[in-house]
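A.B. asks: One file: entry_18.csv (CSV, all heavy atoms).
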```csv
chain,number,residue,atom,x,y,z
Y,1,MET,N,21.1,35.9,-1.2
Y,1,MET,CA,20.7,37.3,-1.1
Y,1,MET,C,21.5,37.9,0.0
Y,1,MET,O,21.7,37.4,1.1
Y,1,MET,CB,19.2,37.3,-0.7
Y,1,MET,CG,18.7,38.7,-0.5
Y,1,MET,SD,17.0,38.7,0.1
Y,1,MET,CE,16.2,38.3,-1.4
Y,2,ALA,N,22.0,39.1,-0.4
Y,2,ALA,CA,22.7,39.9,0.6
Y,2,ALA,C,21.9,40.4,1.7
Y,2,ALA,O,20.7,40.9,1.5
Y,2,ALA,CB,23.5,41.0,-0.1
Y,3,LYS,N,22.3,40.4,2.9
Y,3,LYS,CA,21.6,41.0,4.1
Y,3,LYS,C,22.6,41.9,4.8
Y,3,LYS,O,23.8,41.7,4.7
Y,3,LYS,CB,21.1,39.9,5.0
Y,3,LYS,CG,20.0,39.0,4.4
Y,3,LYS,CD,19.7,37.9,5.4
Y,3,LYS,CE,19.1,38.4,6.7
Y,3,LYS,NZ,18.7,37.4,7.6
Y,4,ASP,N,22.0,42.8,5.5
Y,4,ASP,CA,22.9,43.7,6.3
Y,4,ASP,C,24.0,44.3,5.4
Y,4,ASP,O,25.2,44.2,5.7
Y,4,ASP,CB,23.5,43.0,7.5
Y,4,ASP,CG,22.4,42.4,8.4
Y,4,ASP,OD1,21.4,43.0,8.5
Y,4,ASP,OD2,22.6,41.3,8.9
Y,5,VAL,N,23.6,45.0,4.4
Y,5,VAL,CA,24.6,45.6,3.5
Y,5,VAL,C,25.2,46.8,4.1
Y,5,VAL,O,24.5,47.7,4.6
Y,5,VAL,CB,23.9,46.0,2.1
Y,5,VAL,CG1,24.9,46.8,1.2
Y,5,VAL,CG2,23.3,44.8,1.4
Y,6,LEU,N,26.5,46.8,4.2
Y,6,LEU,CA,27.3,47.9,4.8
Y,6,LEU,C,27.7,48.8,3.7
Y,6,LEU,O,28.2,48.3,2.7
Y,6,LEU,CB,28.4,47.3,5.6
Y,6,LEU,CG,28.1,46.4,6.8
Y,6,LEU,CD1,29.4,45.9,7.5
Y,6,LEU,CD2,27.1,47.0,7.7
Y,7,CYS,N,27.7,50.1,3.9
Y,7,CYS,CA,28.0,51.0,2.8
Y,7,CYS,C,28.5,52.3,3.5
Y,7,CYS,O,27.8,52.8,4.4
Y,7,CYS,CB,26.8,51.2,1.9
Y,7,CYS,SG,27.2,52.5,0.7
Y,8,GLU,N,29.6,52.8,3.0
Y,8,GLU,CA,30.1,54.1,3.6
Y,8,GLU,C,29.7,55.3,2.9
Y,8,GLU,O,30.2,56.4,3.2
Y,8,GLU,CB,31.6,54.0,3.8
Y,8,GLU,CG,32.4,54.0,2.5
Y,8,GLU,CD,33.9,53.9,2.7
Y,8,GLU,OE1,34.3,53.6,3.8
Y,8,GLU,OE2,34.6,54.3,1.8
Y,9,VAL,N,28.8,55.2,1.9
Y,9,VAL,CA,28.4,56.3,1.1
Y,9,VAL,C,27.3,57.1,1.8
Y,9,VAL,O,26.1,56.9,1.6
Y,9,VAL,CB,27.9,55.9,-0.3
Y,9,VAL,CG1,27.6,57.1,-1.2
Y,9,VAL,CG2,29.0,55.0,-1.0
Y,10,ASN,N,27.7,57.9,2.8
Y,10,ASN,CA,26.8,58.6,3.6
Y,10,ASN,C,26.0,59.7,2.9
Y,10,ASN,O,25.1,60.2,3.5
Y,10,ASN,CB,27.5,59.1,4.9
Y,10,ASN,CG,27.9,58.0,5.8
Y,10,ASN,OD1,27.3,57.0,5.9
Y,10,ASN,ND2,29.0,58.2,6.5
Y,11,SER,N,26.4,60.0,1.7
Y,11,SER,CA,25.6,61.0,0.9
Y,11,SER,C,24.5,60.4,0.1
Y,11,SER,O,23.8,61.1,-0.6
Y,11,SER,CB,26.6,61.7,0.0
Y,11,SER,OG,27.2,60.8,-0.9
Y,12,CYS,N,24.2,59.1,0.3
Y,12,CYS,CA,23.1,58.4,-0.3
Y,12,CYS,C,21.9,58.5,0.6
Y,12,CYS,O,22.0,58.3,1.8
Y,12,CYS,CB,23.5,56.9,-0.6
Y,12,CYS,SG,22.2,56.0,-1.3
Y,13,ALA,N,20.7,58.7,-0.1
Y,13,ALA,CA,19.5,58.8,0.7
Y,13,ALA,C,19.1,57.5,1.4
Y,13,ALA,O,18.4,57.5,2.3
Y,13,ALA,CB,18.4,59.2,-0.3
Y,14,TYR,N,19.6,56.4,0.9
Y,14,TYR,CA,19.3,55.1,1.5
Y,14,TYR,C,20.2,54.7,2.7
Y,14,TYR,O,20.0,53.7,3.4
Y,14,TYR,CB,19.4,53.9,0.4
Y,14,TYR,CG,18.4,54.0,-0.6
Y,14,TYR,CD1,18.7,54.4,-1.9
Y,14,TYR,CD2,17.1,53.7,-0.3
Y,14,TYR,CE1,17.7,54.5,-2.9
Y,14,TYR,CE2,16.1,53.8,-1.3
Y,14,TYR,CZ,16.4,54.2,-2.6
Y,14,TYR,OH,15.5,54.3,-3.6
Y,15,ASN,N,21.2,55.5,2.9
Y,15,ASN,CA,22.1,55.2,4.0
Y,15,ASN,C,21.4,55.5,5.3
Y,15,ASN,O,21.1,56.7,5.6
Y,15,ASN,CB,23.5,55.9,3.9
Y,15,ASN,CG,24.6,55.2,4.6
Y,15,ASN,OD1,24.5,55.0,5.8
Y,15,ASN,ND2,25.6,54.8,3.9
Y,16,ILE,N,21.2,54.6,6.2
Y,16,ILE,CA,20.4,54.8,7.4
Y,16,ILE,C,21.2,55.6,8.4
Y,16,ILE,O,22.2,55.2,9.0
Y,16,ILE,CB,20.0,53.4,8.0
Y,16,ILE,CG1,19.3,52.6,7.0
Y,16,ILE,CG2,19.2,53.6,9.3
Y,16,ILE,CD1,19.1,51.1,7.5
Y,17,ASN,N,20.7,56.8,8.7
Y,17,ASN,CA,21.2,57.7,9.7
Y,17,ASN,C,22.7,57.9,9.5
Y,17,ASN,O,23.5,58.1,10.5
Y,17,ASN,CB,21.0,57.2,11.1
Y,17,ASN,CG,19.5,57.1,11.4
Y,17,ASN,OD1,18.7,57.9,10.9
Y,17,ASN,ND2,19.1,56.0,12.1
Y,18,SER,N,23.2,57.8,8.2
Y,18,SER,CA,24.6,57.9,7.9
Y,18,SER,C,25.5,57.0,8.8
Y,18,SER,O,26.6,57.4,9.3
Y,18,SER,CB,25.1,59.4,8.1
Y,18,SER,OG,24.4,60.2,7.2
Y,19,GLU,N,25.0,55.8,9.1
Y,19,GLU,CA,25.7,54.8,9.9
Y,19,GLU,C,26.3,53.7,9.1
Y,19,GLU,O,26.5,52.6,9.7
Y,19,GLU,CB,24.7,54.3,11.0
Y,19,GLU,CG,24.3,55.3,12.0
Y,19,GLU,CD,23.3,54.8,13.0
Y,19,GLU,OE1,22.8,53.7,12.9
Y,19,GLU,OE2,23.0,55.5,14.0
Y,20,ASN,N,26.6,53.9,7.9
Y,20,ASN,CA,27.2,52.9,7.0
Y,20,ASN,C,26.4,51.7,6.8
Y,20,ASN,O,26.9,50.6,6.7
Y,20,ASN,CB,28.6,52.6,7.5
Y,20,ASN,CG,29.6,53.7,7.5
Y,20,ASN,OD1,29.3,54.8,6.9
Y,20,ASN,ND2,30.7,53.6,8.2
Y,21,LYS,N,25.0,51.8,6.9
Y,21,LYS,CA,24.1,50.7,6.6
Y,21,LYS,C,23.2,51.1,5.5
Y,21,LYS,O,22.6,52.2,5.6
Y,21,LYS,CB,23.4,50.3,7.9
Y,21,LYS,CG,24.3,49.8,9.0
Y,21,LYS,CD,23.4,49.5,10.3
Y,21,LYS,CE,24.4,49.1,11.4
Y,21,LYS,NZ,23.6,49.0,12.7
Y,22,CYS,N,23.0,50.2,4.6
Y,22,CYS,CA,22.1,50.4,3.5
Y,22,CYS,C,20.6,50.0,3.8
Y,22,CYS,O,20.4,48.9,4.3
Y,22,CYS,CB,22.5,49.7,2.2
Y,22,CYS,SG,21.4,49.9,0.8
Y,23,GLY,N,19.7,50.9,3.6
Y,23,GLY,CA,18.3,50.6,3.9
Y,23,GLY,C,17.4,50.3,2.7
Y,23,GLY,O,16.2,50.1,2.8
Y,24,ALA,N,18.0,50.2,1.5
Y,24,ALA,CA,17.3,49.9,0.3
Y,24,ALA,C,16.8,48.5,0.3
Y,24,ALA,O,17.4,47.6,0.8
Y,24,ALA,CB,18.2,50.2,-0.9
Y,25,THR,N,15.6,48.3,-0.3
Y,25,THR,CA,15.0,46.9,-0.4
Y,25,THR,C,15.9,46.1,-1.3
Y,25,THR,O,16.1,44.9,-1.0
Y,25,THR,CB,13.6,47.0,-1.0
Y,25,THR,OG1,12.8,47.9,-0.2
Y,25,THR,CG2,12.9,45.7,-1.0
Y,26,GLN,N,16.3,46.6,-2.4
Y,26,GLN,CA,17.3,46.0,-3.3
Y,26,GLN,C,18.3,46.9,-3.7
Y,26,GLN,O,18.1,48.1,-3.7
Y,26,GLN,CB,16.6,45.5,-4.6
Y,26,GLN,CG,15.6,44.4,-4.5
Y,26,GLN,CD,15.1,44.0,-5.8
Y,26,GLN,OE1,14.7,44.9,-6.6
Y,26,GLN,NE2,15.0,42.8,-6.1
Y,27,ILE,N,19.5,46.4,-4.0
Y,27,ILE,CA,20.5,47.3,-4.6
Y,27,ILE,C,21.0,46.7,-5.9
Y,27,ILE,O,21.0,45.4,-6.1
Y,27,ILE,CB,21.7,47.5,-3.7
Y,27,ILE,CG1,22.4,46.2,-3.2
Y,27,ILE,CG2,21.3,48.4,-2.5
Y,27,ILE,CD1,23.7,46.4,-2.5
Y,28,TYR,N,21.3,47.5,-6.8
Y,28,TYR,CA,21.8,47.1,-8.2
Y,28,TYR,C,23.2,47.6,-8.3
Y,28,TYR,O,23.5,48.8,-8.4
Y,28,TYR,CB,20.8,47.7,-9.2
Y,28,TYR,CG,21.1,47.3,-10.6
Y,28,TYR,CD1,21.8,46.2,-11.0
Y,28,TYR,CD2,20.6,48.1,-11.7
Y,28,TYR,CE1,22.0,45.8,-12.3
Y,28,TYR,CE2,20.9,47.8,-13.0
Y,28,TYR,CZ,21.6,46.6,-13.3
Y,28,TYR,OH,21.8,46.3,-14.6
Y,29,ILE,N,24.1,46.6,-8.4
Y,29,ILE,CA,25.5,46.9,-8.6
Y,29,ILE,C,25.9,46.7,-10.0
Y,29,ILE,O,25.6,45.6,-10.6
Y,29,ILE,CB,26.4,46.1,-7.7
Y,29,ILE,CG1,25.9,46.2,-6.2
Y,29,ILE,CG2,27.9,46.4,-7.8
Y,29,ILE,CD1,26.0,47.5,-5.6
Y,30,VAL,N,26.6,47.6,-10.6
Y,30,VAL,CA,26.9,47.5,-12.0
Y,30,VAL,C,28.5,47.5,-12.2
Y,30,VAL,O,29.2,47.9,-11.3
Y,30,VAL,CB,26.4,48.7,-12.8
Y,30,VAL,CG1,24.9,48.7,-12.8
Y,30,VAL,CG2,26.9,50.0,-12.3
Y,31,ASN,N,28.8,46.9,-13.3
Y,31,ASN,CA,30.2,46.9,-13.8
Y,31,ASN,C,30.5,48.2,-14.4
Y,31,ASN,O,29.8,48.6,-15.3
Y,31,ASN,CB,30.4,45.7,-14.8
Y,31,ASN,CG,31.8,45.5,-15.2
Y,31,ASN,OD1,32.6,46.3,-15.0
Y,31,ASN,ND2,32.0,44.4,-15.9
Y,32,ASN,N,31.5,49.0,-14.0
Y,32,ASN,CA,31.7,50.3,-14.6
Y,32,ASN,C,32.8,50.3,-15.6
Y,32,ASN,O,33.3,51.4,-16.0
Y,32,ASN,CB,32.0,51.4,-13.5
Y,32,ASN,CG,33.3,51.1,-12.7
Y,32,ASN,OD1,34.2,50.5,-13.2
Y,32,ASN,ND2,33.4,51.7,-11.5
Y,33,LYS,N,33.2,49.1,-16.1
Y,33,LYS,CA,34.2,49.0,-17.1
Y,33,LYS,C,33.6,48.3,-18.3
Y,33,LYS,O,32.6,47.5,-18.2
Y,33,LYS,CB,35.4,48.3,-16.6
Y,33,LYS,CG,36.2,49.0,-15.6
Y,33,LYS,CD,37.6,48.4,-15.4
Y,33,LYS,CE,38.4,48.7,-16.7
Y,33,LYS,NZ,39.8,48.2,-16.5
Y,34,LYS,N,34.2,48.5,-19.5
Y,34,LYS,CA,33.7,47.8,-20.7
Y,34,LYS,C,33.9,46.3,-20.5
Y,34,LYS,O,33.1,45.5,-20.9
Y,34,LYS,CB,34.4,48.4,-21.9
Y,34,LYS,CG,34.0,47.8,-23.2
Y,34,LYS,CD,34.8,48.4,-24.4
Y,34,LYS,CE,34.4,47.7,-25.7
Y,34,LYS,NZ,35.3,48.1,-26.8
Y,35,ASP,N,35.1,46.0,-20.0
Y,35,ASP,CA,35.4,44.5,-19.8
Y,35,ASP,C,34.9,44.1,-18.4
Y,35,ASP,O,34.5,44.9,-17.6
Y,35,ASP,CB,36.9,44.3,-19.9
Y,35,ASP,CG,37.4,44.7,-21.3
Y,35,ASP,OD1,36.7,44.5,-22.3
Y,35,ASP,OD2,38.6,45.2,-21.3
Y,36,ASP,N,34.9,42.8,-18.2
Y,36,ASP,CA,34.5,42.3,-16.9
Y,36,ASP,C,35.3,42.9,-15.7
Y,36,ASP,O,36.6,43.0,-15.9
Y,36,ASP,CB,34.6,40.7,-16.8
Y,36,ASP,CG,33.6,40.1,-17.7
Y,36,ASP,OD1,32.6,40.7,-18.1
Y,36,ASP,OD2,33.8,38.9,-18.0
Y,37,ALA,N,34.7,43.2,-14.7
Y,37,ALA,CA,35.4,43.8,-13.5
Y,37,ALA,C,36.3,42.7,-12.9
Y,37,ALA,O,36.0,41.6,-12.8
Y,37,ALA,CB,34.4,44.3,-12.4
Y,38,SER,N,37.5,43.2,-12.5
Y,38,SER,CA,38.4,42.3,-11.8
Y,38,SER,C,38.8,42.8,-10.4
Y,38,SER,O,39.4,42.1,-9.7
Y,38,SER,CB,39.7,42.1,-12.6
Y,38,SER,OG,40.3,43.3,-12.9
Y,39,THR,N,38.3,44.0,-10.1
Y,39,THR,CA,38.5,44.5,-8.7
Y,39,THR,C,37.2,45.2,-8.3
Y,39,THR,O,36.4,45.6,-9.1
Y,39,THR,CB,39.7,45.5,-8.6
Y,39,THR,OG1,39.3,46.7,-9.3
Y,39,THR,CG2,41.0,45.0,-9.2
Y,40,SER,N,37.1,45.4,-7.0
Y,40,SER,CA,35.9,46.0,-6.4
Y,40,SER,C,35.7,47.5,-6.9
Y,40,SER,O,34.6,48.0,-7.1
Y,40,SER,CB,35.8,46.0,-4.9
Y,40,SER,OG,37.0,46.6,-4.4
Y,41,SER,N,36.9,48.1,-7.2
Y,41,SER,CA,36.8,49.5,-7.6
Y,41,SER,C,36.2,49.7,-9.0
Y,41,SER,O,35.9,50.8,-9.5
Y,41,SER,CB,38.2,50.1,-7.6
Y,41,SER,OG,39.1,49.5,-8.5
Y,42,GLU,N,36.1,48.5,-9.7
Y,42,GLU,CA,35.5,48.6,-11.0
Y,42,GLU,C,34.0,48.3,-11.0
Y,42,GLU,O,33.4,48.0,-12.0
Y,42,GLU,CB,36.2,47.6,-11.9
Y,42,GLU,CG,37.7,47.9,-12.1
Y,42,GLU,CD,38.5,46.9,-12.8
Y,42,GLU,OE1,38.0,45.7,-13.0
Y,42,GLU,OE2,39.7,47.2,-13.1
Y,43,THR,N,33.4,48.4,-9.8
Y,43,THR,CA,31.9,48.2,-9.7
Y,43,THR,C,31.3,49.4,-9.0
Y,43,THR,O,32.0,50.2,-8.3
Y,43,THR,CB,31.6,47.0,-8.8
Y,43,THR,OG1,32.0,47.2,-7.5
Y,43,THR,CG2,32.2,45.7,-9.4
Y,44,ASP,N,30.0,49.7,-9.2
Y,44,ASP,CA,29.4,50.8,-8.7
Y,44,ASP,C,27.9,50.5,-8.3
Y,44,ASP,O,27.3,49.6,-8.9
Y,44,ASP,CB,29.3,52.0,-9.7
Y,44,ASP,CG,30.6,52.7,-9.9
Y,44,ASP,OD1,31.3,53.0,-9.0
Y,44,ASP,OD2,31.0,52.9,-11.1
Y,45,CYS,N,27.4,51.2,-7.3
Y,45,CYS,CA,26.0,51.0,-6.9
Y,45,CYS,C,25.1,51.9,-7.7
Y,45,CYS,O,25.2,53.2,-7.6
Y,45,CYS,CB,25.8,51.3,-5.4
Y,45,CYS,SG,24.1,51.1,-4.9
Y,46,LYS,N,24.3,51.4,-8.6
Y,46,LYS,CA,23.4,52.1,-9.4
Y,46,LYS,C,22.1,52.6,-8.6
Y,46,LYS,O,21.4,53.4,-9.1
Y,46,LYS,CB,23.0,51.3,-10.6
Y,46,LYS,CG,22.3,52.2,-11.7
Y,46,LYS,CD,22.2,51.4,-13.0
Y,46,LYS,CE,21.6,52.2,-14.1
Y,46,LYS,NZ,21.5,51.5,-15.4
Y,47,THR,N,21.9,52.0,-7.5
Y,47,THR,CA,20.7,52.3,-6.7
Y,47,THR,C,20.9,53.7,-5.9
Y,47,THR,O,20.0,54.3,-5.5
Y,47,THR,CB,20.4,51.2,-5.6
Y,47,THR,OG1,20.3,50.0,-6.4
Y,47,THR,CG2,19.2,51.4,-4.9
Y,48,PHE,N,22.1,54.1,-5.9
Y,48,PHE,CA,22.4,55.4,-5.2
Y,48,PHE,C,21.5,56.5,-5.6
Y,48,PHE,O,21.2,56.7,-6.7
Y,48,PHE,CB,23.9,55.8,-5.5
Y,48,PHE,CG,24.2,57.2,-5.1
Y,48,PHE,CD1,24.7,57.4,-3.8
Y,48,PHE,CD2,24.1,58.3,-5.9
Y,48,PHE,CE1,25.0,58.7,-3.3
Y,48,PHE,CE2,24.4,59.6,-5.5
Y,48,PHE,CZ,24.8,59.8,-4.2
Y,49,GLU,N,21.0,57.2,-4.5
Y,49,GLU,CA,20.2,58.4,-4.8
Y,49,GLU,C,20.8,59.5,-3.8
Y,49,GLU,O,21.1,59.2,-2.6
Y,49,GLU,CB,18.7,58.2,-4.4
Y,49,GLU,CG,18.0,57.3,-5.3
Y,49,GLU,CD,17.6,57.9,-6.6
Y,49,GLU,OE1,17.7,59.2,-6.7
Y,49,GLU,OE2,17.3,57.2,-7.5
Y,50,PRO,N,21.0,60.7,-4.3
Y,50,PRO,CA,21.6,61.7,-3.5
Y,50,PRO,C,20.7,62.1,-2.3
Y,50,PRO,O,19.5,62.3,-2.5
Y,50,PRO,CB,21.9,62.9,-4.4
Y,50,PRO,CG,21.0,62.7,-5.5
Y,50,PRO,CD,20.8,61.2,-5.7
Y,51,ALA,N,21.3,62.2,-1.1
Y,51,ALA,CA,20.5,62.6,0.0
Y,51,ALA,C,20.4,64.1,0.1
Y,51,ALA,O,21.2,64.8,-0.5
Y,51,ALA,CB,21.3,62.1,1.3
Y,52,ASP,N,19.4,64.6,0.8
Y,52,ASP,CA,19.3,66.0,1.0
Y,52,ASP,C,20.3,66.4,2.1
Y,52,ASP,O,20.0,66.2,3.3
Y,52,ASP,CB,17.9,66.4,1.4
Y,52,ASP,CG,17.0,66.2,0.2
Y,52,ASP,OD1,17.4,66.3,-1.0
Y,52,ASP,OD2,15.8,65.9,0.5
Y,53,LEU,N,21.4,66.9,1.7
Y,53,LEU,CA,22.5,67.2,2.8
Y,53,LEU,C,22.4,68.6,3.2
Y,53,LEU,O,21.9,69.5,2.5
Y,53,LEU,CB,23.9,66.8,2.2
Y,53,LEU,CG,24.1,65.4,1.9
Y,53,LEU,CD1,25.5,65.2,1.3
Y,53,LEU,CD2,23.9,64.5,3.1
Y,101,LIG,S1,21.9,52.3,-2.2
Y,101,LIG,FE1,24.0,51.8,-2.7
Y,101,LIG,S2,25.1,53.7,-2.3
Y,101,LIG,FE2,23.1,53.9,-1.3
Y,101,LIG,S3,23.4,53.2,0.8
Y,101,LIG,FE3,22.7,51.4,-0.4
Y,101,LIG,S4,24.6,50.4,-1.1
Y,101,LIG,FE4,25.2,52.5,-0.4
```
For this file, produce the structure as structure tokens.
Ligand code: SF4
C.D. replies:
Amino acid sequence: MAKDVLCEVNSCAYNINSENKCGATQIYIVNNKKDDASTSSETDCKTFEPADL
């Protein structure tokens, strides 16, 4: 299980105080390509929720 998830998506509602730390209980990462991902850029966080900026 991942702990202390670091994330620079500061526009996400789960990002704690915009300090590059994820506060979600769970995160769901998806493959954003039809074929199996082979680089990190081919994955995305589906748990993302837009923050009230
Ligand atoms: S839910 Fe995803 S995008 Fe949002 S802070 Fe956590 S890891 Fe980042």
A.B. asks: Provide the atom O of Cys22 in chain Y to atom N of Val5 in chain Y distance in Å, to one decimal place.
C.D. replies: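 If I compute the distance from atom O of Cys22 in chain Y to atom N of Val5 in chain Y, I get 5.0 Å.
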A.B. asks: Please identify all protein, DNA and RNA residues within 5 Å of ligand LIG 101 (chain Y), counting all heavy atoms, and report them as a list in words.
C.D. replies: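 These are the residues that qualify: Val5, Cys7, Val9, Cys12, Tyr14, Asn15, Lys21, Cys22, Ala24, Ile27, Cys45, Thr47 and Phe48 of chain Y.
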A.B. asks: So what do you get for CA of Asp4 in chain Y versus OE1 of Glu42 in chain Y, distance-wise?
C.D. replies: 24.6 Å
A.B. asks: Residues within 10 Å of Ser41 in chain Y, please, as a ChimeraX atom specification. Count only C-alpha atoms; anything in the same chain fewer than 3 positions from it doesn't count.
C.D. replies: /Y:31-33,37-38,44
A.B. asks: As a list in words, please: the residues near Lys46 in chain Y (cut-off 6 Å, all atoms listed in the file, same-chain neighbours under 6 positions excluded).
C.D. replies: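 Selected residues are Tyr28, Ile29 and Val30 of chain Y.
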A.B. asks: With distances taken over only C-alpha atoms, which residue among Y:Ser40, Y:Lys34, Y:Ala51, Y:Met1 lies nearest Asn17 in chain Y?
C.D. replies: Y:Ala51
A.B. asks: Any chance you could list, as a VMD selection string, the residues in chain Y that come up strand (DSSP E or B) when DSSP is run on the backbone?
C.D. replies: chain Y and resid 6 12 15 21 to 22 29 to 31 43 to 45 50
